[in-house]
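**Student:** If you scroll down you'll find the structure; I have some questions about it.
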Amino acid sequence: MAILVNEKTKIVVQGATGRQGQFHTRRMKAYGTNIVGGVTPGKGGAMLDDIPIFDTVEEAGADAAILFVPARLMRSAAVEAIANGLSPVVCITEHVPIKDAMFIQEYARQAGADVVGPNTPGLISPGKALLGILPPHIFAEGSIGLLSRSGTLTYEIIDEMTKNKLGQSTAIGIGGDPVIGMDFISTLQRFEDDKDTKAMVMIGEIGGNAEELAAEYIKEHITKPVVSYIAGKTAPPGKRMGHAGAVISGNTGTAESKIHALNAVGVPVATMPHEVPQLLRDLL
Amino acid sequence: MAILVNEKTKIVVQGATGRQGQFHTRRMKAYGTNIVGGVTPGKGGAMLDDIPIFDTVEEAGADAAILFVPARLMRSAAVEAIANGLSPVVCITEHVPIKDAMFIQEYARQAGADVVGPNTPGLISPGKALLGILPPHIFAEGSIGLLSRSGTLTYEIIDEMTKNKLGQSTAIGIGGDPVIGMDFISTLQRFEDDKDTKAMVMIGEIGGNAEELAAEYIKEHITKPVVSYIAGKTAPPGKRMGHAGAVISGNTGTAESKIHALNAVGVPVATMPHEVPQLLRDLL
Amino acid sequence: MKLLEYEAKDIFVEYGIPTSTGIVIDDVANLKAALYKLGLPVVLKAQVLVGGRGKAGGIKIAKTEEEAMHMAEQILSMEIKGLPVKKLLVCTPSVIEKELYVGFVVDRNKKKMTLLASTEGGVDIEQVAEKTPEKIYKVTIDPIIGLQEHEARNTARKLGYTGEALVSLTSIIDTLGRIMQDKDAELIEINPLAITPEGFEALDAKLIIDDNAMFRHPEFAKDMKETQEFTPIEKAAKEAGLAYVELDGDIGIIGCGAGLVMASLDVVNHYGGAPANFLDIGGGATAENMKKALEIITMKSGLKSIFVNIFGGITKCDEVAKGILEFNPPVPVYVRMMGTNEEEAKRILNEAGYDLYGSMQEAAEAAVKGGK
Amino acid sequence: MKLLEYEAKDIFVEYGIPTSTGIVIDDVANLKAALYKLGLPVVLKAQVLVGGRGKAGGIKIAKTEEEAMHMAEQILSMEIKGLPVKKLLVCTPSVIEKELYVGFVVDRNKKKMTLLASTEGGVDIEQVAEKTPEKIYKVTIDPIIGLQEHEARNTARKLGYTGEALVSLTSIIDTLGRIMQDKDAELIEINPLAITPEGFEALDAKLIIDDNAMFRHPEFAKDMKETQEFTPIEKAAKEAGLAYVELDGDIGIIGCGAGLVMASLDVVNHYGGAPANFLDIGGGATAENMKKALEIITMKSGLKSIFVNIFGGITKCDEVAKGILEFNPPVPVYVRMMGTNEEEAKRILNEAGYDLYGSMQEAAEAAVKGGK
C-alpha cells in the first residue's frame with residue numbers, strides 16, 4: 001500500500017514535450033510508473049519514445065496528472081486535469097501566481113480532487129510509482145510516510161533513512177509556496193489511514209503556521225508516531241529564504257514556534273537532519 | 001400546507017424603501033406576511049411603518065427574501081440573500097442582464113437555494129403569505145397549485161378559478177425571462193410533493209421549450225392532474241412579445257408545439273383562459 | 001441590440017480573431033476609393049439586421065469596376081425584409097477550403113451559455129441541428145467561471161483538428177468566449193468560420209448584445225442610435241417605453257401584461273378577427289401612458305376597431321379610462337376592465353358612451369364583430 | 001514587488017478611492033514649487049520600501065518654508081534600515097478624527113485571500129491582532145468569485161457605520177478588493193484609513209504585487225527597475241537568477257534547494273559558526289552558475305570560509321566541482337557532495353586539493369573550524 005498513487009495509477013504528463021518534461025517523463029517511465037500519455041496542445045499524434053502525446057487530457061484516459069507546464073499556463077492546465085476528474089494533480093512548476101494557485105485549490109476543493117503543489121518535487125511510492133522529480137534511487141520500500149515542504153532537504157533525510165533501513169510507503173513534497181494543495185494536515189490523515197504506514201516524518205521550515213496547526217491536528221487525530229525536522233532556525237525575519245513561502249513575518253513563522261508546538265504534542269524534532277532515523281527508531 | 005412559504009416564513013424585503021418597494025412591502029405586510037425587515041444599504045435604522053430597515057440582510061434574521069432592487073443591483077443583492085442562507089429568493093425586478101441571471105442561478109444551485117424569477121410577480125400561499133406583487137384579493141385558499149410564466153394572465157385565470165370555488169394552495173409566477181430560477185419542472189415537483197395540493201394549473205407561453213420538457217416530466221414523475229393554458233398562438237416568429245423570453249426562434253417555441261406536447265401526455269390545454277376551471281373540474 | 005456585420009467584425013479584430021474585414025460605404029460615390037485600396041474582385045455585402053441577405057440578393061461578387069458600381073447602387077437602394085440597406089461592406093473574397101460554425105447561445109433550460117461548434121458551417125445552424133445533430137459539438141459554460149481554455153481546445157479537437165490548426169482554432173473559440181463575457185452577448189456567432197490557405201478567417205459575424213446590460217456598455221450607446229432599424233411606429237413605442245409588435249390584421253389590441261396581451265390576440269383570433277398589433281402598457285400605467293398607447297396603435301392605417309383588455313392589479317382602471325377619453329379614438333373601442341378602481345372606470349366610460357364588457361372573451365368577440 | 005506609498009496611491013486614485021495625495025520630489029530644489037501648490041503646513045514622507053519610517057524620522061510636519069526645506073534636505077539624505085531615501089512625498093496634512101485599518105492578506109491555511117478590517121488603524125495590524133483580536137473583522141474571499149459587494153458592506157457595518165459613511169466605506173473596501181484582484185496583489189492595505197471632516201481618506205498605502213504574476217502586468221515593468229531597492233550583492237544575485245539573502249556572519253554558504261541551504265545554515269550555527277549568507281543555486285546548476293554563485297558570496301567582505309553543500313538530484317556534482325575550480329575562491333572551501341556524478345566530482349576536487357566530506361554535519365563543522 002501507499003497513498004495517492006501506486007503501480008496501477010494511470011498517469012498523464014501535461015507539458016511532457018518541454019526539456020524538463022521529456023527528461024522527467026522518461027525517468028518516471030523508467031522507474032515503472034504507469035505513464036499512459038503526455039499532453040501538449042498542438043503536438044497530439046507525436047510520440048516520446050513509446051509514450052503517445054495528446055492534444056488534450058481528455059484523450060489520454062488517465063487517473064492522475066503531473067504538470068511541467070510553464071507557470072503562466074498552470075491554472076488552465078490544472079483546471080483541465082481537475083475538470084477531467086483526475087486526482088492527484090501534481091503541479092511541479094514554480095513561480096505560479098498566487099491568485100492562480102488559489103483558484104486551482106478552490107476549483108479542486110469543489111471537485112473533490114487532490115492537488116499537490118505547486119512548486120513541489122512531487123511524490124514517490126517506492127517500488128510502485130514516481131510522480132515527480134525526486135531522485136528515485138535514494139528511496140526504498142518500507143513503512144515510513146514522509147511529508148515535506150522542501151526538496152533537496154527531503155533527499156538528505158530520505159538518504160539517511162534508507163541507509164538506516166527505514167524504507168518509505170510514500171514520500172511527498174507538499175511544496176514550498178505559501179498556497180499549496182495537500183498540506184500537512186490532509187497528508188498526515190492519509191498516512192494515518194494507510195495501513196502500511198507505521199510512522200511519519202514531517203519536514204517543515206520557516207514561514208506560515210502550517211506546522212503549528214499540524215501539531216494541534218496530530219494531538220487530536222493522529223495515533224501513529226510522528227517525528228519532525230524544521231529548517232530555518234537561523235533565518236532572519238522579513239527575508240524570503242529561497243522558497244516563496246519561507247519567510248518570517250513579524251512574530252509568525254519562526255522555527256522556534258514550530259518546534260515548540262510540535263514538542264508540546266509529543267513530536268520529537270531533530271536538531272540536525274541526520275538525527276531523524278534515530279528519532280524514528282526510538283518511537284518504533 | 002403550501003409550497004415555498006407559509007405564515008411562519010420570516011421575510012426580508014431587499015429594496016424596501018423605493019417607491020415600488022414601499023408600496024408592496026406594506027401590502028404584503030397587510031396581507032399577514034411575516035415581514036421581519038427591509039434592507040436598503042445606507043438606510044439602516046429607519047422604519048417603514050413598524051418594519052425596521054437594515055443595511056444588510058445579515059442583520060434582518062430572515063428565512064426568505066423578496067427583491068425590488070434596481071436591475072443593475074440584482075446580482076449583488078441576490079447573492080447577498082443566498083450567501084446568508086435564505087430561500088426562496090424572489091426576484092421581482094425585470095430587465096436583469098441575462099449574464100447576471102445566469103450567475104445568480106449557478107450561485108443558488110451551488111448553495112442549494114431556490115430562486116424565483118427574475119421578472120416575476122412572485123408567489124402567494126393564500127391566507128398564509130404573499131411574496132410578490134400579485135393582487136391578493138383575487139386568490140382563495142384551496143388545493144390547486146398554479147405555476148405561470150405570466151403575471152396578469154395568471155390573475156385572469158386565478159379570478160376565474162376563485163369565482164368557480166377552486167382555491168389555491170400556492171400560486172407562483174416563475175417569471176417571463178429566458179433564464180429564471182425555479183422552472184416548471186422543479187415547481188411541478190414541489191406541488192407533487194405537497195400533500196395539500198390536489199391538481200396543478202400550468203400557464204405557459206411561446207418561447208423556449210420549457211413546456212415541452214415539462215410535458216415529458218409530467219409523464220414520468222407527476223401523478224396529480226395538470227391542466228394548462230398556452231398564450232401566443234397567434235404570435236409571429238422572431239418578435240419578442242413583451243416578455244424577454246416570449247419569442248419564437250425558427251421552429252422552436254411555438255404554441256402549437258407546446259400544446260401538442262402537453263396533449264400527448266394527457267394534459268388538457270384550454271383554448272381560452274376562462275375554460276381552465278371547467279378542465280379542472282373534469283379531472284378532479 | 002443586434003450589431004451589423006461590420007460592427008461585430010470590428011470587435012473581432014480588436015480581440016485578435018482573424019477576420020475578413022473590408023471597407024464600409026454608405027454611398028456609391030465612395031466605392032472607387034474602396035476599390036482602389038482593395039483591388040478586384042470584391043464582395044459587396046448589404047449591412048442589415050436580418051438574416052437571409054444572400055438569398056435576397058444582398059451579397060454579390062463583382063469582377064470589374066463597372067460591375068461593382070452597378071451592384072453597389074443596386075444593393076444600396078434595396079430593402080431586405082422591409083429594412084432599407086443603408087451601408088455596404090466591400091471586401092476581398094477569400095479562398096475558402098472549408099466552412100465551420102462556432103457560436104455561443106443561451107441554453108434556457110440549463111440556465112447557462114452553450115458553446116456550439118460544427119464542421120458544417122456556412123448554413124443555418126438550426127438546419128444542421130435538425131438534420132445532423134451529431135455534427136454539432138456542445139459545451140455548457142459555467143456562468144461563474146466562464147469558458148475555460150481546455151473546453152475551447154477540446155472543441156477544436158472534436159472538430160478534428162491537430163497541430164497548428166488546433167492551436168489557432170482553440171484561440172479563436174477562447175477569444176469568442178471572452179467577447180461574449182466582456183460584451184454581455186446573448187448570441188455570438190462566426191458562421192462561416194472559413195479555412196483559407198492563410199488559416200482560419202471569420203467571414204461573417206453575428207453579435208447580439210443584451211439590451212438589459214447596456215448600462216455596462218456605454219461603447220454601444222452611439223452605435224445603437226445609428227444602426228438600429230425600427231419602423232416609425234416601433235420607434236414611437238420604444239420612445240414611449242411600451243412593448244409593441246406590429247401584426248398583419250386590423251383590430252388594435254392594448255392590454256396590461258405580456259401574457260394577457262398575447263392571450264387577447266389569441267382570443268380575438270379565435271373569434272375570427274385579425275389583430276393589428278401587440279401592445280403591452282405594462283403595470284401601473286397612467287392616463288398619459290394609455291393615451292400614448294392609443295396614439296401609437298392608431299398610427300397604423302386601416303384599423304377597424306380596438307380591444308382594450310385590463311386586469312388591474314397595480315394598474316388603476318380609472319386611469320386607463322381617462323386615457324381613452326383624452327385621446328378620443330377614431331375607431332370603436334371595446335373595453336374589458338376589472339380590478340383596481342373598476343367601478344369608477346366603468347362610470348367614466350359609460351358616461352362617454354363606450355361599450356364595457358364583463359369578460360375578455362365577450363369584449364374580444366364584440367371587437368371582432370364591430371371591426372367587420 | 002513592493003510599491004512605494006505614492007505609487008500605490010496613484011493606483012488608488014485611478015480606481016476612485018479617496019486618497020491623500022501630494023507631490024513627489026527627488027530633489028530639494030523642487031520643494032518650493034510643491035509648497036507653492038500645496039501651501040503650508042505640509043507633511044514630508046520618505047518614500048522607502050521598509051516599515052517604521054515614522055520612528056526612523058522619515059515623516060515630518062513642516063509649518064514654514066524654512067522648516068520644510070531643512071526637513072526635506074534631512075530626509076532626502078538619510079538611510080532607513082540601510083536603504084537610502086531617494087524620493088519624498090509632500091502633502092497637505094489631513095484633519096484626522098479617527099483611523100481605521102482595511103487590507104487584504106493571504107491566508108495560507110485557507111488558501112484564500114482574507115479581508116481584514118479594524119477600527120484600530122494607524123498602528124501595526126499585527127499588534128492589534130495580538131492584543132485585541134476581537135477588534136479585527138475578517139472575511140475569507142472566494143478565489144473564484146472574488147469579493148462580493150455584500151461582504152464589503154457587512155464589514156463596513158461591523159465596524160459600526162451606517163448611512164452615508166456605510167455606503168462610502170463599502171465602496172472603498174469593494175474597490176480595494178478589485179485592485180487586489182486586477183493587480184495580482186499579495187498584500188494591499190490602507191493603514192490608516194482616516195475619517196476626516198470631508199469623509200474617508202487613505203493616508204497611507206501599501207501594495208505588494210506578486211512577482212510571479214508580473215507577466216500579466218507590463219504596467220509595473222518600468223516602476224520595478226526604477227524603485228526596487230537592492231544592495232549591490234542582492235542586485236548581482238537577482239541578475240544571475242540566484243536566491244540570495246545577506247546575513248551577519250562570516251561563513252559563506254552555497255547549496256542546492258532552499259530547504260537544504262536553510263538546514264546548512266542551521267547546522268553551521270549549531271557548530272558555533274555564523275553564516276554570511278543564504279545562497280541557493282537551485283536544481284540543475286552548471287559550472288557557470290556555481291562560479292557566479294561564488295563570485296556573488298565573495299563580494300561580501302570579511303568572509304573566512306565557504307561551505308558548499310550539494311545533494312545532486314538534477315544537479316550534477318561534477319559541474320559544481322568545475323565551477324569551484326574555475327573561480328578559485330580566495331578563502332578555504334569545505335565541500336560536501338553526494339548524488340549524480342559524485343565520484344567524478346570528488347576526483348576533480350581531490351586533485352585540486354579541496355577538502356571533501358561525506359556528510360553535511362562533518363563539512364559544516366570543518367567549515368566552522370576552518371573559519372576561526
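For the C-alpha cells, the naming scheme is as follows: chains receive sequential letters (A, B, ...) according to their order of presentation, residues are indexed from 1 within each chain, and ligands are indexed from 1 in presentation order.
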Excluding segment 86-101 of chain C and its own-chain neighbours fewer than 4 positions away, which residues fall within 9 Å of it when counting only C-alpha atoms? Please give them as a PyMOL selection string.

**Tutor:** chain C and resi 5-6+20-27+31+34-35+38-48+61+72+75-78+116-123+125+136+159+189-198+201+203+227

**Student:** Once you count only C-alpha atoms, which residues of chain A turn out to be within 7 Å of chain D? Could you give them as number ranges by chain?

**Tutor:** A: 95-97, 99, 102-103, 106, 135, 150-153, 156, 178-179, 208, 210, 231-234, 241-243, 272

**Student:** Is it possible to get the superposed chain B, fitted on chain A over all Cα pairs by sequence order, as a compact mmCIF listing (two decimals) with C-alpha atoms, in the first residue's frame?

**Tutor:**
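The resulting file, selection.txt, is shown below:
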```txt
# COMPACT_ATOMS: atom_id res chain seq x y z
CA MET B 1 -0.03 0.01 -0.02
CA ALA B 2 0.87 3.62 -0.47
CA ILE B 3 -1.05 6.87 -0.50
CA LEU B 4 -2.27 8.79 -3.56
CA VAL B 5 -0.61 6.67 -6.29
CA ASN B 6 0.48 3.08 -6.84
CA GLU B 7 1.69 0.91 -9.72
CA LYS B 8 -1.78 0.79 -11.27
CA THR B 9 -2.48 4.53 -11.31
CA LYS B 10 -2.65 5.72 -14.92
CA ILE B 11 -0.62 8.91 -15.19
CA VAL B 12 -0.69 11.66 -17.81
CA VAL B 13 2.16 14.15 -18.03
CA GLN B 14 1.02 17.66 -18.99
CA GLY B 15 3.88 19.53 -20.61
CA ALA B 16 5.70 16.29 -21.46
CA THR B 17 7.50 17.66 -24.50
CA GLY B 18 9.45 20.49 -22.89
CA ARG B 19 13.05 19.95 -21.82
CA GLN B 20 12.21 19.23 -18.17
CA GLY B 21 9.05 17.40 -19.16
CA GLN B 22 10.86 14.99 -21.48
CA PHE B 23 13.62 14.25 -19.02
CA HIS B 24 11.31 13.48 -16.13
CA THR B 25 8.71 11.67 -18.19
CA ARG B 26 11.39 9.24 -19.31
CA ARG B 27 12.70 8.89 -15.79
CA MET B 28 9.27 8.26 -14.29
CA LYS B 29 8.52 5.72 -16.99
CA ALA B 30 11.89 4.03 -16.43
CA TYR B 31 11.02 3.77 -12.74
CA GLY B 32 7.97 1.73 -13.70
CA THR B 33 5.34 4.43 -13.33
CA ASN B 34 2.24 3.68 -15.38
CA ILE B 35 2.54 6.65 -17.76
CA VAL B 36 -0.29 6.45 -20.29
CA GLY B 37 0.51 9.59 -22.24
CA GLY B 38 1.74 13.13 -22.41
CA VAL B 39 -0.24 16.24 -23.26
CA THR B 40 1.02 19.21 -25.24
CA PRO B 41 -1.59 21.18 -27.20
CA GLY B 42 -0.59 21.20 -30.85
CA LYS B 43 1.68 18.17 -30.56
CA GLY B 44 -0.99 15.49 -30.46
CA GLY B 45 -0.01 12.43 -32.51
CA ALA B 46 3.71 12.67 -31.67
CA MET B 47 5.51 10.06 -29.55
CA LEU B 48 8.03 10.43 -26.75
CA ASP B 49 9.78 7.07 -27.07
CA ASP B 50 6.79 4.74 -26.71
CA ILE B 51 4.63 7.30 -24.90
CA PRO B 52 1.86 8.86 -27.02
CA ILE B 53 1.43 12.63 -26.90
CA PHE B 54 -2.11 14.02 -26.98
CA ASP B 55 -3.55 17.50 -27.51
CA THR B 56 -5.95 17.22 -24.59
CA VAL B 57 -6.11 15.47 -21.23
CA GLU B 58 -9.46 14.02 -22.24
CA GLU B 59 -7.81 11.86 -24.88
CA ALA B 60 -5.21 10.38 -22.54
CA GLY B 61 -7.61 8.39 -20.37
CA ALA B 62 -5.62 8.86 -17.17
CA ASP B 63 -6.42 8.73 -13.43
CA ALA B 64 -3.87 11.29 -12.26
CA ALA B 65 -1.72 14.03 -13.71
CA ILE B 66 1.69 15.55 -13.25
CA LEU B 67 2.32 19.03 -14.68
CA PHE B 68 5.53 20.50 -16.05
CA VAL B 69 3.77 23.33 -17.90
CA PRO B 70 5.08 26.92 -17.68
CA ALA B 71 3.86 28.85 -14.65
CA ARG B 72 1.58 31.13 -16.66
CA LEU B 73 -0.23 28.10 -18.12
CA MET B 74 -0.54 26.26 -14.81
CA ARG B 75 -4.04 27.45 -13.99
CA SER B 76 -5.62 26.36 -17.25
CA ALA B 77 -3.69 23.07 -17.33
CA ALA B 78 -4.56 22.17 -13.73
CA VAL B 79 -8.19 23.09 -14.32
CA GLU B 80 -8.18 20.81 -17.36
CA ALA B 81 -6.90 17.90 -15.28
CA ILE B 82 -9.39 18.53 -12.47
CA ALA B 83 -12.30 19.02 -14.88
CA ASN B 84 -11.47 15.62 -16.35
CA GLY B 85 -11.81 14.04 -12.91
CA LEU B 86 -8.11 13.37 -12.36
CA SER B 87 -6.62 13.13 -8.87
CA PRO B 88 -3.99 13.69 -7.65
CA VAL B 89 -2.90 16.58 -9.83
CA VAL B 90 0.78 17.18 -9.11
CA CYS B 91 1.99 20.67 -10.03
CA ILE B 92 5.78 20.68 -10.21
CA THR B 93 6.28 24.15 -11.69
CA GLU B 94 7.43 27.00 -9.46
CA HIS B 95 6.62 30.70 -9.80
CA VAL B 96 2.88 30.12 -10.24
CA PRO B 97 0.99 33.36 -9.38
CA ILE B 98 -0.66 33.06 -6.00
CA LYS B 99 -4.01 34.14 -7.44
CA ASP B 100 -3.86 31.22 -9.87
CA ALA B 101 -2.82 28.85 -7.10
CA MET B 102 -5.83 29.92 -5.03
CA PHE B 103 -8.12 29.48 -8.01
CA ILE B 104 -6.78 25.98 -8.63
CA GLN B 105 -7.19 24.98 -4.98
CA GLU B 106 -10.77 26.23 -4.80
CA TYR B 107 -11.67 24.58 -8.10
CA ALA B 108 -10.12 21.33 -6.84
CA ARG B 109 -11.91 21.60 -3.51
CA GLN B 110 -15.28 21.90 -5.24
CA ALA B 111 -14.42 18.96 -7.50
CA GLY B 112 -13.04 16.84 -4.66
CA ALA B 113 -9.64 16.47 -6.33
CA ASP B 114 -6.28 16.34 -4.56
CA VAL B 115 -3.73 18.85 -5.79
CA VAL B 116 -0.08 18.55 -4.81
CA GLY B 117 1.93 21.76 -5.09
CA PRO B 118 2.60 23.94 -6.99
CA ASN B 119 6.36 24.27 -6.56
CA THR B 120 6.85 20.71 -5.38
CA PRO B 121 9.27 17.90 -6.25
CA GLY B 122 6.22 15.63 -6.37
CA LEU B 123 5.83 12.28 -4.71
CA ILE B 124 6.99 8.71 -4.86
CA SER B 125 5.54 5.45 -3.67
CA PRO B 126 8.81 3.48 -3.74
CA GLY B 127 8.71 0.42 -5.95
CA LYS B 128 5.32 1.46 -7.32
CA ALA B 129 5.24 4.89 -8.90
CA LEU B 130 7.24 8.07 -9.19
CA LEU B 131 5.21 11.20 -9.80
CA GLY B 132 7.79 13.92 -9.62
CA ILE B 133 11.39 14.93 -9.94
CA LEU B 134 12.70 13.22 -6.82
CA PRO B 135 15.82 11.08 -7.40
CA PRO B 136 14.27 7.61 -7.12
CA HIS B 137 17.42 5.61 -6.34
CA ILE B 138 17.69 7.00 -2.82
CA PHE B 139 14.24 5.72 -1.84
CA ALA B 140 13.40 2.25 -0.55
CA GLU B 141 10.13 0.44 0.00
CA GLY B 142 9.03 0.48 3.58
CA SER B 143 6.54 1.74 6.08
CA ILE B 144 7.51 5.34 6.84
CA GLY B 145 5.40 8.11 5.34
CA LEU B 146 7.33 11.30 4.64
CA LEU B 147 5.86 14.73 4.01
CA SER B 148 7.91 17.84 3.41
CA ARG B 149 7.84 21.48 2.31
CA SER B 150 11.33 21.11 0.84
CA GLY B 151 13.00 19.16 -2.00
CA THR B 152 16.72 18.58 -1.53
CA LEU B 153 16.36 18.60 2.24
CA THR B 154 13.95 15.73 1.80
CA TYR B 155 16.51 13.84 -0.25
CA GLU B 156 19.06 14.41 2.50
CA ILE B 157 16.78 12.92 5.12
CA ILE B 158 15.49 10.13 2.87
CA ASP B 159 19.08 9.14 2.17
CA GLU B 160 19.78 8.87 5.88
CA MET B 161 16.60 6.86 6.38
CA THR B 162 17.30 4.45 3.55
CA LYS B 163 20.86 3.90 4.76
CA ASN B 164 19.35 3.08 8.14
CA LYS B 165 16.89 0.59 6.61
CA LEU B 166 13.89 2.81 7.18
CA GLY B 167 12.05 2.47 3.85
CA GLN B 168 9.11 4.64 2.81
CA SER B 169 5.47 3.88 1.99
CA THR B 170 5.12 7.20 0.17
CA ALA B 171 7.20 10.36 0.29
CA ILE B 172 5.54 13.57 -0.76
CA GLY B 173 6.83 17.09 -1.25
CA ILE B 174 3.84 19.26 -0.45
CA GLY B 175 5.52 22.32 -1.95
CA GLY B 176 7.31 25.45 -0.88
CA ASP B 177 4.77 28.06 -1.91
CA PRO B 178 2.51 29.96 0.51
CA VAL B 179 -0.60 28.45 -1.10
CA ILE B 180 -0.45 24.74 -1.85
CA GLY B 181 -2.94 21.93 -2.29
CA MET B 182 -2.39 19.00 0.03
CA ASP B 183 -1.00 20.35 3.27
CA PHE B 184 0.48 18.74 6.35
CA ILE B 185 -2.89 18.02 7.90
CA SER B 186 -4.56 16.38 4.92
CA THR B 187 -1.42 14.38 4.15
CA LEU B 188 -0.95 13.23 7.76
CA GLN B 189 -4.51 11.96 7.71
CA ARG B 190 -3.84 9.95 4.54
CA PHE B 191 -0.86 8.31 6.19
CA GLU B 192 -2.90 7.70 9.32
CA ASP B 193 -5.50 5.91 7.17
CA ASP B 194 -2.92 3.87 5.23
CA LYS B 195 -2.49 0.50 6.92
CA ASP B 196 1.03 0.02 5.59
CA THR B 197 2.36 3.27 7.03
CA LYS B 198 3.70 2.83 10.56
CA ALA B 199 5.19 6.26 11.28
CA MET B 200 5.57 9.66 9.66
CA VAL B 201 8.41 12.13 9.15
CA MET B 202 7.26 15.71 8.73
CA ILE B 203 9.82 18.17 7.38
CA GLY B 204 8.86 21.77 7.93
CA GLU B 205 10.50 25.12 7.54
CA ILE B 206 10.00 28.75 8.51
CA GLY B 207 7.00 30.73 7.24
CA GLY B 208 3.30 30.48 7.97
CA ASN B 209 1.90 28.35 10.78
CA ALA B 210 1.21 25.06 9.00
CA GLU B 211 3.48 23.16 11.42
CA GLU B 212 1.71 24.64 14.44
CA LEU B 213 -1.69 23.67 13.01
CA ALA B 214 -0.33 20.21 12.17
CA ALA B 215 0.80 19.85 15.80
CA GLU B 216 -2.73 20.59 17.01
CA TYR B 217 -4.10 18.13 14.49
CA ILE B 218 -1.63 15.42 15.48
CA LYS B 219 -2.73 15.77 19.08
CA GLU B 220 -6.38 15.25 18.21
CA HIS B 221 -6.36 12.87 15.26
CA ILE B 222 -3.06 11.08 14.65
CA THR B 223 -2.27 7.90 16.55
CA LYS B 224 0.87 6.84 14.67
CA PRO B 225 4.30 8.18 15.69
CA VAL B 226 5.46 11.38 13.99
CA VAL B 227 8.98 12.85 14.04
CA SER B 228 9.97 16.14 12.54
CA TYR B 229 12.75 18.40 11.36
CA ILE B 230 12.33 22.16 10.92
CA ALA B 231 14.70 24.16 8.71
CA GLY B 232 15.47 27.84 9.14
CA LYS B 233 16.30 28.24 12.82
CA THR B 234 18.87 30.89 11.88
CA ALA B 235 16.83 32.67 9.20
CA PRO B 236 16.30 36.41 9.75
CA PRO B 237 12.79 37.89 9.80
CA GLY B 238 11.35 39.54 6.69
CA LYS B 239 13.50 37.71 4.13
CA ARG B 240 12.31 35.05 1.72
CA MET B 241 14.67 32.09 2.10
CA GLY B 242 14.49 30.77 -1.44
CA HIS B 243 11.01 29.29 -1.22
CA ALA B 244 8.22 31.82 -1.72
CA GLY B 245 6.61 30.56 1.47
CA ALA B 246 9.73 30.55 3.63
CA VAL B 247 9.58 33.94 5.29
CA ILE B 248 9.15 35.02 8.89
CA SER B 249 6.58 37.84 9.13
CA GLY B 250 6.62 39.72 12.40
CA ASN B 251 6.42 37.08 15.14
CA THR B 252 4.86 34.39 13.00
CA GLY B 253 6.59 31.67 11.06
CA THR B 254 9.67 31.18 13.25
CA ALA B 255 11.32 27.80 13.62
CA GLU B 256 11.20 28.18 17.40
CA SER B 257 7.43 28.48 17.40
CA LYS B 258 7.05 25.39 15.24
CA ILE B 259 9.51 23.29 17.23
CA HIS B 260 7.83 24.34 20.44
CA ALA B 261 4.37 23.43 19.15
CA LEU B 262 5.52 20.02 17.94
CA ASN B 263 7.41 19.19 21.10
CA ALA B 264 4.38 20.21 23.12
CA VAL B 265 2.30 17.46 21.49
CA GLY B 266 5.03 14.85 21.86
CA VAL B 267 6.52 15.06 18.38
CA PRO B 268 10.33 14.88 18.63
CA VAL B 269 12.11 17.38 16.41
CA ALA B 270 15.62 16.59 15.15
CA THR B 271 18.29 19.24 15.72
CA MET B 272 20.11 18.17 12.57
CA PRO B 273 18.80 16.24 9.55
CA HIS B 274 20.89 13.13 10.16
CA GLU B 275 19.27 12.58 13.54
CA VAL B 276 15.90 11.72 12.04
CA PRO B 277 16.50 7.93 11.69
CA GLN B 278 17.44 7.60 15.36
CA LEU B 279 14.33 9.50 16.46
CA LEU B 280 12.25 7.14 14.34
CA ARG B 281 13.90 4.07 15.83
CA ASP B 282 13.23 5.41 19.32
CA LEU B 283 9.51 5.50 18.58
CA LEU B 284 9.06 2.30 16.55
```

**Student:** Would you please work out which residue, of D:Glu239, D:Asp355, D:Asp174, D:Asp10, is nearest to Glu151 of chain D when using only C-alpha atoms?

**Tutor:** D:Asp174

**Student:** I need the helix (DSSP H, G or I) residues of segment 77-208 of chain D per DSSP on the backbone, written as an MDAnalysis selection string.

**Tutor:** chainID D and resid 125:131 133:135 149:158 163:182

**Student:** So which bits of segment 21-270 of chain A end up strand (DSSP E or B) when you DSSP the backbone, as a ChimeraX atom specification?

**Tutor:** /A:35-39,47-48,51-54,64-67,89-91,115-116,122-125,129-132,141-148,168-173,199-205,226-231,249,252,269-270

**Student:** For atom CA of Val139 of chain C and atom CA of Thr114 of chain C, quote the distance in Å rounded to one decimal.

**Tutor:** 5.5 Å
